Structure formats: C-alpha cells, structure tokens
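Undergrad: Quick one: structure below, then a few questions.
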Amino acid sequence: WASFTNTNSMDPFLDETSHAIEIKPEDPSAIKIGDIISYKTVYGILIHRVIEVGEDQNGIYYIVKGDNNRPTDPFKVRFDDVQGVVVAIIY
C-alpha cells in the first residue's frame with residue numbers, strides 16, 4: 001500500500017489523494033518499460049515511471065522519470081533499490 005506526496009511529478013496520473021498497491025518484483029527482468037516503480041534514494045522513496053531498461057558492467061538498470069517532469073531522474077535505478085511495482089491505483 002503506497003501513498004503519495006504533493007510533488008506533482010506524476011500528475012495527472014497520481015497525486016497526494018491517490019493510493020496504490022505495489023508488489024515486490026522477483027527479479028530484474030520483471031520490470032518493464034512503462035511500469036511505475038517505487039525505489040530508494042538518498043532523498044527517500046520516489047515513485048516514477050520506467051522509460052528505459054539497460055545493462056552495464058554493474059548489471060541491469062532502469063532510467064525513470066515522473067510523468068510530469070521534463071528531465072529523467074539523475075541516476076540509474078538498480079534492482080536492489082526497487083521497493084515495488086505499482087499494480088493498482090485507488091483514487
């Protein structure tokens with residue numbers, strides 16, 4: 001069960017009055033482009049959409065961004081940081 005703060009990064013899809021049900025993916029290949037994931041950062045937990053999946057010398061990574069943001073998030077998201085994949089939105 002996830003709730004959201006009023007950052008407007010995922011407007012109009014999600015806002016502070018929304019809630020979501022998340023599941024923990026079993027492996028990195030379970031996360032696909034278009035999925036909305038929650039993940040740990042030094043700033044706390046963020047929830048943004050996966051727009052690219054890649055692989056480098058450290059393994060699979062995800063490039064994410066808020067639907068309402070112009071730039072992507074400034075770091076590669078690794079599977080170990082993923083908390084969950086949103087599977088349902090409750091408005």
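For the structure tokens, the naming scheme is as follows: chains receive sequential letters (A, B, ...) according to their order of presentation, residues are indexed from 1 within each chain, and ligands are indexed from 1 in presentation order.
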Do you know which residues are at most 9 Å from Glu52 in chain A counting only C-alpha atoms, after dropping those on the same chain fewer than 6 positions away, and could you put them as a list in words?
TA: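 Surrounding residues, per the criterion: Lys32, Ile33, Gly34, Tyr61, Tyr62, Ile63 and Val64 of chain A.
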Undergrad: Please produce an output containing N, CA, C and O atoms for each residue in the selection, written as a compact mmCIF listing (two decimals), in the first residue's frame.
TA:
```
# COMPACT_ATOMS: atom_id res chain seq x y z
N LYS A 32 9.43 -3.70 -16.52
CA LYS A 32 9.37 -3.37 -17.94
C LYS A 32 9.20 -1.86 -18.14
O LYS A 32 8.76 -1.15 -17.24
N ILE A 33 9.53 -1.42 -19.34
CA ILE A 33 9.27 -0.02 -19.72
C ILE A 33 7.78 0.24 -19.56
O ILE A 33 6.95 -0.56 -19.98
N GLY A 34 7.46 1.37 -18.95
CA GLY A 34 6.07 1.74 -18.69
C GLY A 34 5.61 1.44 -17.28
O GLY A 34 4.63 2.02 -16.81
N TYR A 61 19.83 -1.87 -15.15
CA TYR A 61 19.43 -0.61 -14.51
C TYR A 61 18.19 -0.09 -15.22
O TYR A 61 17.85 -0.51 -16.33
N TYR A 62 17.52 0.86 -14.55
CA TYR A 62 16.31 1.46 -15.08
C TYR A 62 16.49 2.98 -15.08
O TYR A 62 16.99 3.55 -14.11
N ILE A 63 16.08 3.61 -16.17
CA ILE A 63 16.01 5.06 -16.24
C ILE A 63 14.54 5.41 -16.02
O ILE A 63 13.65 4.85 -16.68
N VAL A 64 14.28 6.31 -15.08
CA VAL A 64 12.91 6.64 -14.71
C VAL A 64 12.71 8.14 -14.74
O VAL A 64 13.67 8.92 -14.69
```
Undergrad: Write out as a list in words each polymer residue whose atoms come within 8 Å of range 2-13 of chain A, counting only C-alpha atoms; drop sequence neighbours fewer than 4 positions from it.
TA: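 Once the adjacent positions are removed, what remains is Thr17, Ser18, His19, Ala20, Ile21, Glu22, His48, Gly66, Asp67, Asn68 and Asn69 of chain A.
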Undergrad: Atoms to include: N, CA and C atoms. Write the selected residues as a PDB file, in the first residue's frame.
TA:
```pdb
ATOM      1  N   THR A  17      -3.835  12.561  -3.166  1.00  0.00           N
ATOM      2  CA  THR A  17      -5.063  11.904  -2.742  1.00  0.00           C
ATOM      3  C   THR A  17      -5.167  10.460  -3.237  1.00  0.00           C
ATOM      4  N   SER A  18      -4.198  10.020  -4.026  1.00  0.00           N
ATOM      5  CA  SER A  18      -4.190   8.657  -4.565  1.00  0.00           C
ATOM      6  C   SER A  18      -3.491   7.692  -3.610  1.00  0.00           C
ATOM      7  N   HIS A  19      -3.806   6.422  -3.766  1.00  0.00           N
ATOM      8  CA  HIS A  19      -3.099   5.341  -3.082  1.00  0.00           C
ATOM      9  C   HIS A  19      -2.837   4.255  -4.110  1.00  0.00           C
ATOM     10  N   ALA A  20      -1.880   3.396  -3.826  1.00  0.00           N
ATOM     11  CA  ALA A  20      -1.549   2.343  -4.787  1.00  0.00           C
ATOM     12  C   ALA A  20      -1.238   1.042  -4.066  1.00  0.00           C
ATOM     13  N   ILE A  21      -1.435  -0.037  -4.790  1.00  0.00           N
ATOM     14  CA  ILE A  21      -1.000  -1.351  -4.331  1.00  0.00           C
ATOM     15  C   ILE A  21       0.241  -1.704  -5.139  1.00  0.00           C
ATOM     16  N   GLU A  22       1.284  -2.135  -4.440  1.00  0.00           N
ATOM     17  CA  GLU A  22       2.545  -2.490  -5.082  1.00  0.00           C
ATOM     18  C   GLU A  22       2.878  -3.951  -4.796  1.00  0.00           C
ATOM     19  N   HIS A  48       8.270   6.732  -9.735  1.00  0.00           N
ATOM     20  CA  HIS A  48       8.292   7.255 -11.094  1.00  0.00           C
ATOM     21  C   HIS A  48       8.173   6.119 -12.097  1.00  0.00           C
ATOM     22  N   GLY A  66       9.356  11.178 -13.687  1.00  0.00           N
ATOM     23  CA  GLY A  66       7.968  11.490 -13.376  1.00  0.00           C
ATOM     24  C   GLY A  66       7.235  11.860 -14.659  1.00  0.00           C
ATOM     25  N   ASP A  67       5.987  11.453 -14.786  1.00  0.00           N
ATOM     26  CA  ASP A  67       5.215  11.758 -15.992  1.00  0.00           C
ATOM     27  C   ASP A  67       5.146  13.250 -16.268  1.00  0.00           C
ATOM     28  N   ASN A  68       5.154  14.055 -15.222  1.00  0.00           N
ATOM     29  CA  ASN A  68       5.019  15.499 -15.354  1.00  0.00           C
ATOM     30  C   ASN A  68       6.370  16.220 -15.310  1.00  0.00           C
ATOM     31  N   ASN A  69       7.464  15.478 -15.287  1.00  0.00           N
ATOM     32  CA  ASN A  69       8.802  16.062 -15.267  1.00  0.00           C
ATOM     33  C   ASN A  69       9.399  16.056 -16.668  1.00  0.00           C
TER      34      ASN A  69
END
```
Undergrad: Counting only C-alpha atoms, figure out which residue out of A:Ile90, A:Val85, A:Gly54, A:Asp80 gets nearest to Lys40 in chain A.
TA: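 Distance minimum relative to Lys40 in chain A lands on A:Asp80.
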Undergrad: Which residues come within 9 Å of Val82 in chain A, counting only C-alpha atoms, excluding same-chain residues fewer than 3 positions away, as a PDB file with N, CA, C and O atoms, in the first residue's frame?
TA:
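Saved the output as part13.pdb:
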```pdb
ATOM      1  N   LYS A  24       6.389  -6.619  -4.886  1.00  0.00           N
ATOM      2  CA  LYS A  24       7.845  -6.694  -4.986  1.00  0.00           C
ATOM      3  C   LYS A  24       8.185  -7.624  -6.147  1.00  0.00           C
ATOM      4  O   LYS A  24       7.786  -8.788  -6.155  1.00  0.00           O
ATOM      5  N   PRO A  25       8.898  -7.127  -7.168  1.00  0.00           N
ATOM      6  CA  PRO A  25       9.250  -7.996  -8.295  1.00  0.00           C
ATOM      7  C   PRO A  25      10.266  -9.052  -7.863  1.00  0.00           C
ATOM      8  O   PRO A  25      11.096  -8.803  -6.997  1.00  0.00           O
ATOM      9  N   ILE A  37       7.486   2.334 -10.659  1.00  0.00           N
ATOM     10  CA  ILE A  37       8.191   1.677  -9.562  1.00  0.00           C
ATOM     11  C   ILE A  37       8.432   2.657  -8.424  1.00  0.00           C
ATOM     12  O   ILE A  37       8.540   3.860  -8.633  1.00  0.00           O
ATOM     13  N   SER A  38       8.508   2.115  -7.225  1.00  0.00           N
ATOM     14  CA  SER A  38       8.986   2.897  -6.083  1.00  0.00           C
ATOM     15  C   SER A  38      10.393   2.397  -5.791  1.00  0.00           C
ATOM     16  O   SER A  38      10.676   1.208  -5.889  1.00  0.00           O
ATOM     17  N   TYR A  39      11.271   3.338  -5.472  1.00  0.00           N
ATOM     18  CA  TYR A  39      12.664   2.957  -5.247  1.00  0.00           C
ATOM     19  C   TYR A  39      13.329   3.891  -4.244  1.00  0.00           C
ATOM     20  O   TYR A  39      12.931   5.046  -4.080  1.00  0.00           O
ATOM     21  N   LYS A  40      14.334   3.334  -3.555  1.00  0.00           N
ATOM     22  CA  LYS A  40      15.067   4.074  -2.523  1.00  0.00           C
ATOM     23  C   LYS A  40      16.090   4.995  -3.159  1.00  0.00           C
ATOM     24  O   LYS A  40      16.784   4.609  -4.097  1.00  0.00           O
ATOM     25  N   VAL A  77      18.625   3.520 -11.661  1.00  0.00           N
ATOM     26  CA  VAL A  77      17.991   2.794 -10.572  1.00  0.00           C
ATOM     27  C   VAL A  77      18.372   1.323 -10.715  1.00  0.00           C
ATOM     28  O   VAL A  77      18.210   0.738 -11.784  1.00  0.00           O
ATOM     29  N   ARG A  78      18.876   0.742  -9.652  1.00  0.00           N
ATOM     30  CA  ARG A  78      19.263  -0.668  -9.637  1.00  0.00           C
ATOM     31  C   ARG A  78      18.165  -1.496  -8.969  1.00  0.00           C
ATOM     32  O   ARG A  78      17.418  -1.005  -8.122  1.00  0.00           O
ATOM     33  N   PHE A  79      18.109  -2.771  -9.325  1.00  0.00           N
ATOM     34  CA  PHE A  79      17.069  -3.661  -8.811  1.00  0.00           C
ATOM     35  C   PHE A  79      17.056  -3.689  -7.286  1.00  0.00           C
ATOM     36  O   PHE A  79      15.986  -3.723  -6.676  1.00  0.00           O
ATOM     37  N   VAL A  85       6.520  -2.507  -7.603  1.00  0.00           N
ATOM     38  CA  VAL A  85       5.931  -2.108  -8.875  1.00  0.00           C
ATOM     39  C   VAL A  85       4.453  -1.859  -8.617  1.00  0.00           C
ATOM     40  O   VAL A  85       3.767  -2.705  -8.026  1.00  0.00           O
TER      41      VAL A  85
END
```
Undergrad: Hey, what does DSSP flag as strand (DSSP E or B) within chain A? Can you give it to me as a VMD selection string?
TA: chain A and resid 2 to 3 19 to 23 36 to 41 44 to 56 59 to 65 77 to 78 82 to 90
Undergrad: What is the distance between CA of Arg49 in chain A and CA of Ile36 in chain A, in Å to one decimal?
TA: 4.2 Å
Undergrad: List every residue of range 8-90 of chain A that DSSP, applied to the backbone of this structure, assigns to helix (DSSP H, G or I), and report them as number ranges by chain.
TA: A: 28-30, 79-81
Undergrad: Which residue is closest to Ser29 in chain A? Choose from A:Thr41, A:Glu16, A:Glu55, A:Pro74 and count only C-alpha atoms.
TA: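 Comparing A:Thr41, A:Glu16, A:Glu55, A:Pro74 against Ser29 in chain A, the winner is A:Glu55.
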Undergrad: So, with only C-alpha atoms as the atoms that count, which of A:Val42, A:Ile60, A:Leu14, A:Ile51 lies closest to Pro28 in chain A?
TA: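 Checking each of A:Val42, A:Ile60, A:Leu14, A:Ile51 against Pro28 in chain A, counting only C-alpha atoms, the winner is A:Ile60.
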